[in-house]
Amino acid sequence: MPSPIPQAEELKDLFSLKGKVVVVTGASGPTGIGIEAARGCAEFGADLAITYNSRSAGAEKNAKELSDKYGVKVKAYKCQVGDYSSVETLVKDVISEFGKIDVFIANAGKTADNGILDASVQQWNEVIETDLTGTFNCARAVGLHFRERKTGSLILTSSMSGHVANYPQEQTSYNVAKAGCIHMAKSLANEWRDFARVNSVSPGYIDTGLSDFVPQDIQKLWHSMIPLGRDAKAKELKGAYLYFASDASSYTTGADLLIDGGYTCR
């Protein structure tokens, strides 16, 4: 069954998310990728469910600010993506509160700070559980709803680290998990071809405050390896999430969009 062609002709209508419900996991930070993806969707009229794991105050603050500024409905939910039952409950609660889910942005993630020989088995499991299995949990829980409704867009936050091994830091577990997310998006795009689109976004170094602990000389080395010569601000990613969430990308599935300042060109 071929996918439907949007009725709208103009970009302003194709990009509109009015009447759509978008879930964004990992959107409790003040400047992170999750909150910017949520903001981009709110700017174009979407109602939003945003999730947090531990930072409830940050998520509640983000929800209130988005709702007040853009006049859309926004609610924060606690969700531990590594636990399937937690994600299943999230999907059920959002459908009960909002009536449906049109777009799901699986963004929650965990970084690694050492290689596999200097990390414990437990540390490997934590990264894989959050970044790869957590993404699967989100996909399965919302995918059942997409299949039932015969429509949906799933967007996975991957990383340029799914394409290359970063230097000089060691983070094999993270790289492997993110490479898995890219291939999960491609595989699900095929598996779900009759009812939903699935794509991934692969950011490079993003200035979200999480890298502030990294020594300046290493950050300088990173910048020397990026053709555009700097980290990105998270707001420079939100257009990609809006594109994949909206009807502007109605013929785009199984794609991975690298937004890395050119890092992987070299």
# chains A, B, ... in the order shown; residues from 1 in each chain; ligands from 1
$ closest_atom_pairs --of "region 11-89 of chain A" --to "region 132-138 of chain A" --cutoff "12 Å" --atoms "only C-alpha atoms" --output "Markdown table"
| residue | atom | partner | partner_atom | distance |
| --- | --- | --- | --- | --- |
| A:Val23 | CA | A:Cys138 | CA | 10.2 |
| A:Val24 | CA | A:Cys138 | CA | 10.4 |
| A:Thr25 | CA | A:Cys138 | CA | 9.0 |
| A:Gly26 | CA | A:Gly134 | CA | 11.3 |
| A:Thr51 | CA | A:Cys138 | CA | 11.9 |
| A:Cys79 | CA | A:Cys138 | CA | 10.3 |
| A:Gln80 | CA | A:Gly134 | CA | 8.2 |
| A:Val81 | CA | A:Gly134 | CA | 4.6 |
| A:Gly82 | CA | A:Gly134 | CA | 4.3 |
| A:Asp83 | CA | A:Gly134 | CA | 7.1 |
| A:Tyr84 | CA | A:Asn137 | CA | 5.3 |
| A:Ser85 | CA | A:Asn137 | CA | 8.6 |
| A:Ser86 | CA | A:Asn137 | CA | 9.1 |
| A:Val87 | CA | A:Cys138 | CA | 6.1 |
| A:Glu88 | CA | A:Cys138 | CA | 8.0 |
| A:Thr89 | CA | A:Cys138 | CA | 10.8 |
$ select_by_dssp --residues "region 8-243 of chain A" --states "helix (DSSP H, G or I)" --output "mmCIF file with N, CA and C atoms, in the first residue's frame"
data_model
loop_
_atom_site.group_PDB
_atom_site.id
_atom_site.type_symbol
_atom_site.label_atom_id
_atom_site.label_comp_id
_atom_site.auth_asym_id
_atom_site.auth_seq_id
_atom_site.Cartn_x
_atom_site.Cartn_y
_atom_site.Cartn_z
ATOM 1 N N LEU A 11 4.850 25.186 1.587
ATOM 2 C CA LEU A 11 5.727 24.744 2.666
ATOM 3 C C LEU A 11 5.214 25.128 4.038
ATOM 4 N N LYS A 12 4.622 26.311 4.136
ATOM 5 C CA LYS A 12 4.127 26.738 5.460
ATOM 6 C C LYS A 12 3.082 25.758 5.993
ATOM 7 N N ASP A 13 2.324 25.144 5.092
ATOM 8 C CA ASP A 13 1.324 24.160 5.506
ATOM 9 C C ASP A 13 1.933 22.769 5.698
ATOM 10 N N LEU A 14 2.901 22.434 4.858
ATOM 11 C CA LEU A 14 3.565 21.131 4.994
ATOM 12 C C LEU A 14 4.340 21.036 6.306
ATOM 13 N N ILE A 33 19.367 18.959 23.317
ATOM 14 C CA ILE A 33 18.763 18.615 22.025
ATOM 15 C C ILE A 33 17.264 18.365 22.189
ATOM 16 N N GLY A 34 16.880 17.675 23.259
ATOM 17 C CA GLY A 34 15.476 17.343 23.475
ATOM 18 C C GLY A 34 14.586 18.563 23.583
ATOM 19 N N ILE A 35 14.991 19.529 24.413
ATOM 20 C CA ILE A 35 14.144 20.710 24.593
ATOM 21 C C ILE A 35 14.096 21.537 23.306
ATOM 22 N N GLU A 36 15.189 21.581 22.555
ATOM 23 C CA GLU A 36 15.170 22.339 21.297
ATOM 24 C C GLU A 36 14.295 21.654 20.246
ATOM 25 N N ALA A 37 14.332 20.323 20.194
ATOM 26 C CA ALA A 37 13.451 19.598 19.275
ATOM 27 C C ALA A 37 11.996 19.867 19.650
ATOM 28 N N ALA A 38 11.709 19.856 20.949
ATOM 29 C CA ALA A 38 10.359 20.139 21.432
ATOM 30 C C ALA A 38 9.954 21.572 21.087
ATOM 31 N N ARG A 39 10.882 22.490 21.267
ATOM 32 C CA ARG A 39 10.586 23.903 20.987
ATOM 33 C C ARG A 39 10.258 24.096 19.502
ATOM 34 N N GLY A 40 11.050 23.473 18.637
ATOM 35 C CA GLY A 40 10.795 23.581 17.193
ATOM 36 C C GLY A 40 9.407 23.091 16.835
ATOM 37 N N CYS A 41 8.983 21.990 17.453
ATOM 38 C CA CYS A 41 7.642 21.444 17.188
ATOM 39 C C CYS A 41 6.555 22.361 17.745
ATOM 40 N N ALA A 42 6.798 22.926 18.936
ATOM 41 C CA ALA A 42 5.826 23.847 19.541
ATOM 42 C C ALA A 42 5.672 25.111 18.697
ATOM 43 N N GLU A 43 6.774 25.604 18.143
ATOM 44 C CA GLU A 43 6.738 26.800 17.296
ATOM 45 C C GLU A 43 5.802 26.602 16.104
ATOM 46 N N SER A 56 12.875 16.326 37.348
ATOM 47 C CA SER A 56 11.455 16.676 37.195
ATOM 48 C C SER A 56 11.250 18.192 37.156
ATOM 49 N N ALA A 57 12.002 18.939 37.970
ATOM 50 C CA ALA A 57 11.817 20.395 38.014
ATOM 51 C C ALA A 57 12.147 21.024 36.663
ATOM 52 N N GLY A 58 13.219 20.554 36.026
ATOM 53 C CA GLY A 58 13.613 21.076 34.710
ATOM 54 C C GLY A 58 12.556 20.796 33.667
ATOM 55 N N ALA A 59 11.998 19.589 33.703
ATOM 56 C CA ALA A 59 10.978 19.211 32.721
ATOM 57 C C ALA A 59 9.696 20.019 32.928
ATOM 58 N N GLU A 60 9.300 20.190 34.192
ATOM 59 C CA GLU A 60 8.081 20.967 34.488
ATOM 60 C C GLU A 60 8.254 22.427 34.040
ATOM 61 N N LYS A 61 9.450 22.962 34.269
ATOM 62 C CA LYS A 61 9.741 24.346 33.866
ATOM 63 C C LYS A 61 9.679 24.471 32.338
ATOM 64 N N ASN A 62 10.289 23.507 31.640
ATOM 65 C CA ASN A 62 10.265 23.518 30.177
ATOM 66 C C ASN A 62 8.829 23.423 29.654
ATOM 67 N N ALA A 63 8.037 22.537 30.263
ATOM 68 C CA ALA A 63 6.649 22.350 29.823
ATOM 69 C C ALA A 63 5.859 23.649 29.968
ATOM 70 N N LYS A 64 6.025 24.312 31.103
ATOM 71 C CA LYS A 64 5.287 25.559 31.356
ATOM 72 C C LYS A 64 5.721 26.658 30.373
ATOM 73 N N GLU A 65 7.044 26.764 30.164
ATOM 74 C CA GLU A 65 7.546 27.811 29.264
ATOM 75 C C GLU A 65 7.050 27.600 27.832
ATOM 76 N N LEU A 66 7.086 26.355 27.361
ATOM 77 C CA LEU A 66 6.622 26.066 25.996
ATOM 78 C C LEU A 66 5.130 26.364 25.854
ATOM 79 N N SER A 67 4.370 25.935 26.839
ATOM 80 C CA SER A 67 2.926 26.138 26.800
ATOM 81 C C SER A 67 2.571 27.625 26.818
ATOM 82 N N ASP A 68 3.228 28.363 27.728
ATOM 83 C CA ASP A 68 2.949 29.809 27.854
ATOM 84 C C ASP A 68 3.343 30.569 26.585
ATOM 85 N N LYS A 69 4.508 30.233 26.037
ATOM 86 C CA LYS A 69 5.023 31.006 24.904
ATOM 87 C C LYS A 69 4.306 30.691 23.602
ATOM 88 N N TYR A 70 3.979 29.408 23.368
ATOM 89 C CA TYR A 70 3.445 29.026 22.054
ATOM 90 C C TYR A 70 1.957 28.680 22.067
ATOM 91 N N TYR A 84 11.177 -1.210 29.670
ATOM 92 C CA TYR A 84 10.076 -1.260 28.695
ATOM 93 C C TYR A 84 8.729 -0.892 29.316
ATOM 94 N N SER A 85 8.478 -1.391 30.520
ATOM 95 C CA SER A 85 7.165 -1.115 31.134
ATOM 96 C C SER A 85 6.975 0.380 31.385
ATOM 97 N N SER A 86 8.073 1.101 31.671
ATOM 98 C CA SER A 86 8.001 2.547 31.883
ATOM 99 C C SER A 86 7.611 3.263 30.586
ATOM 100 N N VAL A 87 8.179 2.812 29.455
ATOM 101 C CA VAL A 87 7.866 3.426 28.159
ATOM 102 C C VAL A 87 6.437 3.070 27.735
ATOM 103 N N GLU A 88 6.044 1.837 28.005
ATOM 104 C CA GLU A 88 4.693 1.373 27.691
ATOM 105 C C GLU A 88 3.659 2.231 28.440
ATOM 106 N N THR A 89 3.945 2.502 29.716
ATOM 107 C CA THR A 89 3.065 3.346 30.540
ATOM 108 C C THR A 89 3.012 4.762 29.987
ATOM 109 N N LEU A 90 4.176 5.294 29.574
ATOM 110 C CA LEU A 90 4.227 6.640 28.989
ATOM 111 C C LEU A 90 3.300 6.728 27.776
ATOM 112 N N VAL A 91 3.441 5.782 26.857
ATOM 113 C CA VAL A 91 2.634 5.802 25.632
ATOM 114 C C VAL A 91 1.138 5.732 25.972
ATOM 115 N N LYS A 92 0.802 4.843 26.905
ATOM 116 C CA LYS A 92 -0.597 4.691 27.322
ATOM 117 C C LYS A 92 -1.123 5.998 27.940
ATOM 118 N N ASP A 93 -0.315 6.614 28.816
ATOM 119 C CA ASP A 93 -0.733 7.848 29.495
ATOM 120 C C ASP A 93 -0.886 9.015 28.514
ATOM 121 N N VAL A 94 0.037 9.121 27.565
ATOM 122 C CA VAL A 94 -0.051 10.217 26.588
ATOM 123 C C VAL A 94 -1.292 10.047 25.706
ATOM 124 N N ILE A 95 -1.559 8.817 25.266
ATOM 125 C CA ILE A 95 -2.751 8.572 24.440
ATOM 126 C C ILE A 95 -4.018 8.892 25.234
ATOM 127 N N SER A 96 -4.006 8.530 26.506
ATOM 128 C CA SER A 96 -5.167 8.800 27.363
ATOM 129 C C SER A 96 -5.380 10.307 27.551
ATOM 130 N N GLU A 97 -4.280 11.049 27.687
ATOM 131 C CA GLU A 97 -4.348 12.494 27.958
ATOM 132 C C GLU A 97 -4.531 13.331 26.682
ATOM 133 N N PHE A 98 -3.868 12.924 25.589
ATOM 134 C CA PHE A 98 -3.861 13.726 24.356
ATOM 135 C C PHE A 98 -4.706 13.107 23.235
ATOM 136 N N VAL A 121 31.838 -3.886 33.242
ATOM 137 C CA VAL A 121 30.766 -4.508 32.456
ATOM 138 C C VAL A 121 29.459 -3.756 32.711
ATOM 139 N N GLN A 122 29.269 -3.347 33.958
ATOM 140 C CA GLN A 122 28.072 -2.599 34.334
ATOM 141 C C GLN A 122 27.948 -1.295 33.539
ATOM 142 N N GLN A 123 29.091 -0.596 33.352
ATOM 143 C CA GLN A 123 29.059 0.666 32.598
ATOM 144 C C GLN A 123 28.666 0.428 31.131
ATOM 145 N N TRP A 124 29.182 -0.642 30.546
ATOM 146 C CA TRP A 124 28.784 -1.007 29.180
ATOM 147 C C TRP A 124 27.271 -1.223 29.129
ATOM 148 N N ASN A 125 26.782 -2.024 30.076
ATOM 149 C CA ASN A 125 25.357 -2.362 30.088
ATOM 150 C C ASN A 125 24.480 -1.121 30.244
ATOM 151 N N GLU A 126 24.925 -0.173 31.069
ATOM 152 C CA GLU A 126 24.132 1.055 31.291
ATOM 153 C C GLU A 126 23.987 1.862 30.012
ATOM 154 N N VAL A 127 25.086 2.014 29.262
ATOM 155 C CA VAL A 127 25.041 2.797 28.023
ATOM 156 C C VAL A 127 24.176 2.090 26.976
ATOM 157 N N ILE A 128 24.396 0.792 26.794
ATOM 158 C CA ILE A 128 23.632 0.032 25.796
ATOM 159 C C ILE A 128 22.146 -0.003 26.179
ATOM 160 N N GLU A 129 21.887 -0.163 27.472
ATOM 161 C CA GLU A 129 20.503 -0.238 27.957
ATOM 162 C C GLU A 129 19.739 1.052 27.675
ATOM 163 N N THR A 130 20.404 2.185 27.879
ATOM 164 C CA THR A 130 19.732 3.473 27.651
ATOM 165 C C THR A 130 19.691 3.829 26.168
ATOM 166 N N ASP A 131 20.866 3.809 25.519
ATOM 167 C CA ASP A 131 20.980 4.362 24.168
ATOM 168 C C ASP A 131 20.456 3.440 23.071
ATOM 169 N N LEU A 132 20.575 2.132 23.248
ATOM 170 C CA LEU A 132 20.137 1.210 22.200
ATOM 171 C C LEU A 132 18.839 0.495 22.584
ATOM 172 N N THR A 133 18.861 -0.213 23.716
ATOM 173 C CA THR A 133 17.642 -0.901 24.147
ATOM 174 C C THR A 133 16.549 0.117 24.474
ATOM 175 N N GLY A 134 16.925 1.249 25.048
ATOM 176 C CA GLY A 134 15.944 2.298 25.353
ATOM 177 C C GLY A 134 15.265 2.808 24.096
ATOM 178 N N THR A 135 16.047 2.931 23.022
ATOM 179 C CA THR A 135 15.480 3.369 21.751
ATOM 180 C C THR A 135 14.536 2.308 21.190
ATOM 181 N N PHE A 136 14.940 1.038 21.309
ATOM 182 C CA PHE A 136 14.053 -0.065 20.904
ATOM 183 C C PHE A 136 12.750 -0.030 21.708
ATOM 184 N N ASN A 137 12.866 0.177 23.024
ATOM 185 C CA ASN A 137 11.667 0.217 23.880
ATOM 186 C C ASN A 137 10.687 1.289 23.398
ATOM 187 N N CYS A 138 11.238 2.477 23.076
ATOM 188 C CA CYS A 138 10.386 3.565 22.571
ATOM 189 C C CYS A 138 9.746 3.169 21.245
ATOM 190 N N ALA A 139 10.563 2.604 20.366
ATOM 191 C CA ALA A 139 10.070 2.231 19.033
ATOM 192 C C ALA A 139 8.950 1.204 19.129
ATOM 193 N N ARG A 140 9.144 0.186 19.940
ATOM 194 C CA ARG A 140 8.136 -0.878 20.022
ATOM 195 C C ARG A 140 6.836 -0.357 20.644
ATOM 196 N N ALA A 141 6.978 0.387 21.749
ATOM 197 C CA ALA A 141 5.789 0.857 22.470
ATOM 198 C C ALA A 141 4.934 1.781 21.598
ATOM 199 N N VAL A 142 5.588 2.709 20.888
ATOM 200 C CA VAL A 142 4.789 3.639 20.058
ATOM 201 C C VAL A 142 4.458 3.007 18.705
ATOM 202 N N GLY A 143 5.283 2.082 18.256
ATOM 203 C CA GLY A 143 5.045 1.441 16.961
ATOM 204 C C GLY A 143 3.735 0.679 16.919
ATOM 205 N N LEU A 144 3.368 0.076 18.033
ATOM 206 C CA LEU A 144 2.088 -0.637 18.103
ATOM 207 C C LEU A 144 0.926 0.333 17.891
ATOM 208 N N HIS A 145 1.066 1.542 18.443
ATOM 209 C CA HIS A 145 0.049 2.594 18.276
ATOM 210 C C HIS A 145 0.039 3.110 16.831
ATOM 211 N N PHE A 146 1.219 3.326 16.266
ATOM 212 C CA PHE A 146 1.308 3.779 14.871
ATOM 213 C C PHE A 146 0.639 2.759 13.935
ATOM 214 N N ARG A 147 0.906 1.483 14.190
ATOM 215 C CA ARG A 147 0.339 0.440 13.324
ATOM 216 C C ARG A 147 -1.185 0.420 13.411
ATOM 217 N N GLU A 148 -1.670 0.612 14.632
ATOM 218 C CA GLU A 148 -3.122 0.631 14.844
ATOM 219 C C GLU A 148 -3.777 1.808 14.110
ATOM 220 N N ARG A 149 -3.103 2.979 14.167
ATOM 221 C CA ARG A 149 -3.648 4.186 13.522
ATOM 222 C C ARG A 149 -3.287 4.295 12.043
ATOM 223 N N MET A 160 26.960 11.454 15.211
ATOM 224 C CA MET A 160 28.034 11.203 14.244
ATOM 225 C C MET A 160 28.926 10.063 14.747
ATOM 226 N N SER A 161 28.870 9.797 16.073
ATOM 227 C CA SER A 161 29.646 8.702 16.654
ATOM 228 C C SER A 161 29.132 7.336 16.209
ATOM 229 N N GLY A 162 27.962 7.317 15.563
ATOM 230 C CA GLY A 162 27.484 6.086 14.948
ATOM 231 C C GLY A 162 28.106 5.856 13.581
ATOM 232 N N THR A 172 33.654 3.504 23.133
ATOM 233 C CA THR A 172 33.191 2.433 22.236
ATOM 234 C C THR A 172 31.728 2.070 22.476
ATOM 235 N N SER A 173 31.317 1.986 23.734
ATOM 236 C CA SER A 173 29.932 1.580 24.028
ATOM 237 C C SER A 173 28.934 2.553 23.401
ATOM 238 N N TYR A 174 29.216 3.837 23.522
ATOM 239 C CA TYR A 174 28.340 4.878 22.968
ATOM 240 C C TYR A 174 28.326 4.794 21.439
ATOM 241 N N ASN A 175 29.509 4.660 20.840
ATOM 242 C CA ASN A 175 29.612 4.590 19.377
ATOM 243 C C ASN A 175 28.802 3.408 18.829
ATOM 244 N N VAL A 176 28.934 2.272 19.502
ATOM 245 C CA VAL A 176 28.225 1.059 19.068
ATOM 246 C C VAL A 176 26.706 1.250 19.195
ATOM 247 N N ALA A 177 26.285 1.822 20.308
ATOM 248 C CA ALA A 177 24.850 2.045 20.526
ATOM 249 C C ALA A 177 24.273 2.982 19.466
ATOM 250 N N LYS A 178 25.009 4.045 19.147
ATOM 251 C CA LYS A 178 24.504 5.019 18.176
ATOM 252 C C LYS A 178 24.532 4.478 16.750
ATOM 253 N N ALA A 179 25.522 3.662 16.435
ATOM 254 C CA ALA A 179 25.523 2.988 15.124
ATOM 255 C C ALA A 179 24.297 2.079 15.029
ATOM 256 N N GLY A 180 23.964 1.441 16.139
ATOM 257 C CA GLY A 180 22.766 0.597 16.191
ATOM 258 C C GLY A 180 21.497 1.396 15.960
ATOM 259 N N CYS A 181 21.459 2.626 16.490
ATOM 260 C CA CYS A 181 20.271 3.481 16.295
ATOM 261 C C CYS A 181 20.085 3.856 14.825
ATOM 262 N N ILE A 182 21.183 4.141 14.134
ATOM 263 C CA ILE A 182 21.104 4.488 12.709
ATOM 264 C C ILE A 182 20.544 3.305 11.927
ATOM 265 N N HIS A 183 21.040 2.119 12.234
ATOM 266 C CA HIS A 183 20.579 0.948 11.488
ATOM 267 C C HIS A 183 19.176 0.522 11.925
ATOM 268 N N MET A 184 18.822 0.818 13.175
ATOM 269 C CA MET A 184 17.456 0.553 13.627
ATOM 270 C C MET A 184 16.471 1.406 12.822
ATOM 271 N N ALA A 185 16.827 2.672 12.609
ATOM 272 C CA ALA A 185 15.942 3.556 11.838
ATOM 273 C C ALA A 185 15.763 3.033 10.414
ATOM 274 N N LYS A 186 16.854 2.604 9.798
ATOM 275 C CA LYS A 186 16.765 2.075 8.424
ATOM 276 C C LYS A 186 15.928 0.796 8.392
ATOM 277 N N SER A 187 16.180 -0.076 9.367
ATOM 278 C CA SER A 187 15.469 -1.360 9.401
ATOM 279 C C SER A 187 13.981 -1.170 9.667
ATOM 280 N N LEU A 188 13.660 -0.264 10.612
ATOM 281 C CA LEU A 188 12.251 -0.018 10.925
ATOM 282 C C LEU A 188 11.536 0.709 9.791
ATOM 283 N N ALA A 189 12.276 1.554 9.056
ATOM 284 C CA ALA A 189 11.668 2.225 7.904
ATOM 285 C C ALA A 189 11.133 1.181 6.922
ATOM 286 N N ASN A 190 11.864 0.092 6.795
ATOM 287 C CA ASN A 190 11.429 -0.998 5.922
ATOM 288 C C ASN A 190 10.321 -1.809 6.586
ATOM 289 N N GLU A 191 10.518 -2.143 7.867
ATOM 290 C CA GLU A 191 9.543 -2.979 8.580
ATOM 291 C C GLU A 191 8.180 -2.292 8.704
ATOM 292 N N GLN A 216 40.129 22.084 28.150
ATOM 293 C CA GLN A 216 40.120 23.034 27.030
ATOM 294 C C GLN A 216 40.966 22.559 25.853
ATOM 295 N N ASP A 217 42.128 21.920 26.149
ATOM 296 C CA ASP A 217 42.995 21.508 25.039
ATOM 297 C C ASP A 217 42.328 20.434 24.182
ATOM 298 N N ILE A 218 41.511 19.578 24.816
ATOM 299 C CA ILE A 218 40.796 18.545 24.047
ATOM 300 C C ILE A 218 39.672 19.189 23.239
ATOM 301 N N GLN A 219 38.985 20.154 23.841
ATOM 302 C CA GLN A 219 37.937 20.849 23.092
ATOM 303 C C GLN A 219 38.525 21.578 21.878
ATOM 304 N N LYS A 220 39.731 22.158 22.067
ATOM 305 C CA LYS A 220 40.402 22.832 20.939
ATOM 306 C C LYS A 220 40.750 21.843 19.845
ATOM 307 N N LEU A 221 41.185 20.649 20.268
ATOM 308 C CA LEU A 221 41.509 19.599 19.295
ATOM 309 C C LEU A 221 40.246 19.214 18.513
ATOM 310 N N TRP A 222 39.115 19.052 19.215
ATOM 311 C CA TRP A 222 37.844 18.758 18.542
ATOM 312 C C TRP A 222 37.556 19.805 17.464
ATOM 313 N N HIS A 223 37.656 21.085 17.875
ATOM 314 C CA HIS A 223 37.306 22.172 16.957
ATOM 315 C C HIS A 223 38.224 22.195 15.744
ATOM 316 N N SER A 224 39.490 21.795 15.938
ATOM 317 C CA SER A 224 40.445 21.767 14.821
ATOM 318 C C SER A 224 40.083 20.687 13.805
ATOM 319 N N ALA A 234 22.309 23.738 20.242
ATOM 320 C CA ALA A 234 21.229 22.769 20.022
ATOM 321 C C ALA A 234 20.131 23.333 19.125
ATOM 322 N N LYS A 235 19.950 24.649 19.129
ATOM 323 C CA LYS A 235 18.907 25.239 18.287
ATOM 324 C C LYS A 235 19.193 25.019 16.798
ATOM 325 N N GLU A 236 20.452 24.710 16.471
ATOM 326 C CA GLU A 236 20.802 24.471 15.069
ATOM 327 C C GLU A 236 20.359 23.089 14.583
ATOM 328 N N LYS A 238 17.071 21.928 15.536
ATOM 329 C CA LYS A 238 15.614 21.774 15.641
ATOM 330 C C LYS A 238 14.914 21.740 14.291
ATOM 331 N N GLY A 239 15.499 22.369 13.277
ATOM 332 C CA GLY A 239 14.916 22.320 11.940
ATOM 333 C C GLY A 239 14.866 20.907 11.378
ATOM 334 N N ALA A 240 15.868 20.102 11.730
ATOM 335 C CA ALA A 240 15.911 18.710 11.250
ATOM 336 C C ALA A 240 14.772 17.901 11.861
ATOM 337 N N TYR A 241 14.546 18.085 13.157
ATOM 338 C CA TYR A 241 13.459 17.358 13.821
ATOM 339 C C TYR A 241 12.102 17.794 13.284
ATOM 340 N N LEU A 242 11.954 19.093 13.041
ATOM 341 C CA LEU A 242 10.696 19.596 12.483
ATOM 342 C C LEU A 242 10.446 18.983 11.102
ATOM 343 N N TYR A 243 11.490 18.921 10.287
ATOM 344 C CA TYR A 243 11.360 18.354 8.939
ATOM 345 C C TYR A 243 10.865 16.906 9.010
#
$ residues_around --residues "region 258-260 of chain A" --least-positions-apart "2" --cutoff "10 Å" --atoms "only C-alpha atoms" --output "MDAnalysis selection string"
chainID A and resid 158:160 163 200:206 226:228 230:232 236:237 240 255:256 262:265
$ write_last_selection --atoms "N, CA, C and O atoms" --output "compact mmCIF listing (two decimals), in the first residue's frame"
# COMPACT_ATOMS: atom_id res chain seq x y z
N SER A 158 20.50 9.85 16.93
CA SER A 158 21.72 9.05 16.90
C SER A 158 22.89 9.99 17.17
O SER A 158 22.81 10.86 18.04
N SER A 159 23.97 9.87 16.43
CA SER A 159 25.15 10.70 16.63
C SER A 159 26.12 10.46 15.49
O SER A 159 26.12 9.38 14.88
N MET A 160 26.96 11.45 15.21
CA MET A 160 28.03 11.20 14.24
C MET A 160 28.93 10.06 14.75
O MET A 160 29.61 9.41 13.97
N HIS A 163 28.82 6.87 13.08
CA HIS A 163 29.49 6.79 11.78
C HIS A 163 31.01 6.68 11.92
O HIS A 163 31.66 6.07 11.07
N SER A 200 16.55 9.14 11.36
CA SER A 200 17.43 9.48 12.49
C SER A 200 18.19 10.77 12.22
O SER A 200 18.42 11.15 11.06
N VAL A 201 18.55 11.44 13.31
CA VAL A 201 19.37 12.65 13.25
C VAL A 201 20.68 12.32 13.95
O VAL A 201 20.69 11.78 15.06
N SER A 202 21.81 12.63 13.29
CA SER A 202 23.13 12.34 13.87
C SER A 202 23.90 13.63 14.12
O SER A 202 24.62 14.12 13.25
N PRO A 203 23.75 14.19 15.32
CA PRO A 203 24.47 15.43 15.64
C PRO A 203 25.96 15.18 15.89
O PRO A 203 26.36 14.08 16.29
N GLY A 204 26.74 16.23 15.65
CA GLY A 204 28.15 16.22 16.04
C GLY A 204 28.28 16.78 17.45
O GLY A 204 27.42 16.56 18.30
N TYR A 205 29.37 17.53 17.68
CA TYR A 205 29.58 18.11 19.01
C TYR A 205 28.59 19.27 19.23
O TYR A 205 28.58 20.23 18.48
N ILE A 206 27.75 19.12 20.25
CA ILE A 206 26.73 20.13 20.55
C ILE A 206 27.04 20.75 21.90
O ILE A 206 27.29 20.04 22.87
N ILE A 226 36.89 19.96 13.02
CA ILE A 226 35.57 20.28 12.47
C ILE A 226 35.74 21.37 11.41
O ILE A 226 36.21 22.46 11.73
N PRO A 227 35.38 21.11 10.14
CA PRO A 227 35.52 22.15 9.12
C PRO A 227 34.89 23.49 9.50
O PRO A 227 35.47 24.54 9.21
N LEU A 228 33.74 23.48 10.18
CA LEU A 228 33.13 24.76 10.57
C LEU A 228 33.74 25.36 11.84
O LEU A 228 33.36 26.44 12.26
N ARG A 230 33.72 24.88 15.15
CA ARG A 230 33.09 25.13 16.46
C ARG A 230 32.06 24.04 16.76
O ARG A 230 31.68 23.26 15.88
N ASP A 231 31.63 24.02 18.04
CA ASP A 231 30.48 23.19 18.41
C ASP A 231 29.21 23.83 17.83
O ASP A 231 29.21 25.01 17.50
N ALA A 232 28.15 23.03 17.79
CA ALA A 232 26.84 23.58 17.41
C ALA A 232 26.08 24.00 18.66
O ALA A 232 26.34 23.49 19.75
N GLU A 236 20.45 24.71 16.47
CA GLU A 236 20.80 24.47 15.07
C GLU A 236 20.36 23.09 14.58
O GLU A 236 20.53 22.75 13.41
N LEU A 237 19.78 22.31 15.50
CA LEU A 237 19.29 20.97 15.14
C LEU A 237 17.76 20.94 14.97
O LEU A 237 17.22 20.01 14.38
N ALA A 240 15.87 20.10 11.73
CA ALA A 240 15.91 18.71 11.25
C ALA A 240 14.77 17.90 11.86
O ALA A 240 14.10 17.12 11.17
N ALA A 255 16.18 7.63 6.42
CA ALA A 255 17.29 8.56 6.21
C ALA A 255 17.98 8.88 7.54
O ALA A 255 17.36 8.84 8.60
N ASP A 256 19.26 9.19 7.45
CA ASP A 256 20.01 9.67 8.61
C ASP A 256 20.60 11.02 8.23
O ASP A 256 21.32 11.12 7.22
N GLY A 262 30.58 19.19 9.47
CA GLY A 262 31.52 18.63 8.49
C GLY A 262 32.53 17.64 9.05
O GLY A 262 33.38 17.14 8.32
N TYR A 263 32.40 17.32 10.35
CA TYR A 263 33.40 16.45 11.02
C TYR A 263 33.65 15.16 10.26
O TYR A 263 34.79 14.75 10.06
N THR A 264 32.57 14.50 9.82
CA THR A 264 32.75 13.18 9.20
C THR A 264 33.18 13.26 7.73
O THR A 264 33.39 12.24 7.09
N CYS A 265 33.33 14.49 7.19
CA CYS A 265 33.84 14.63 5.83
C CYS A 265 35.32 14.29 5.76
O CYS A 265 35.86 13.98 4.71
$ atom_distance --atom1 "CA of Ala108 (chain A)" --atom2 "CA of Tyr77 (chain A)"
12.9 Å
$ closest_residue --among "A:Glu170, A:Ser3, A:Ser28, A:Thr151" --to "Thr111 (chain A)" --atoms "only C-alpha atoms"
A:Glu170
$ select_by_dssp --residues "region 11-224 of chain A" --states "strand (DSSP E)" --output "VMD selection string"
chain A and resid 21 to 24 47 to 52 74 to 78 103 to 106 153 to 157 197 to 203 206 to 207
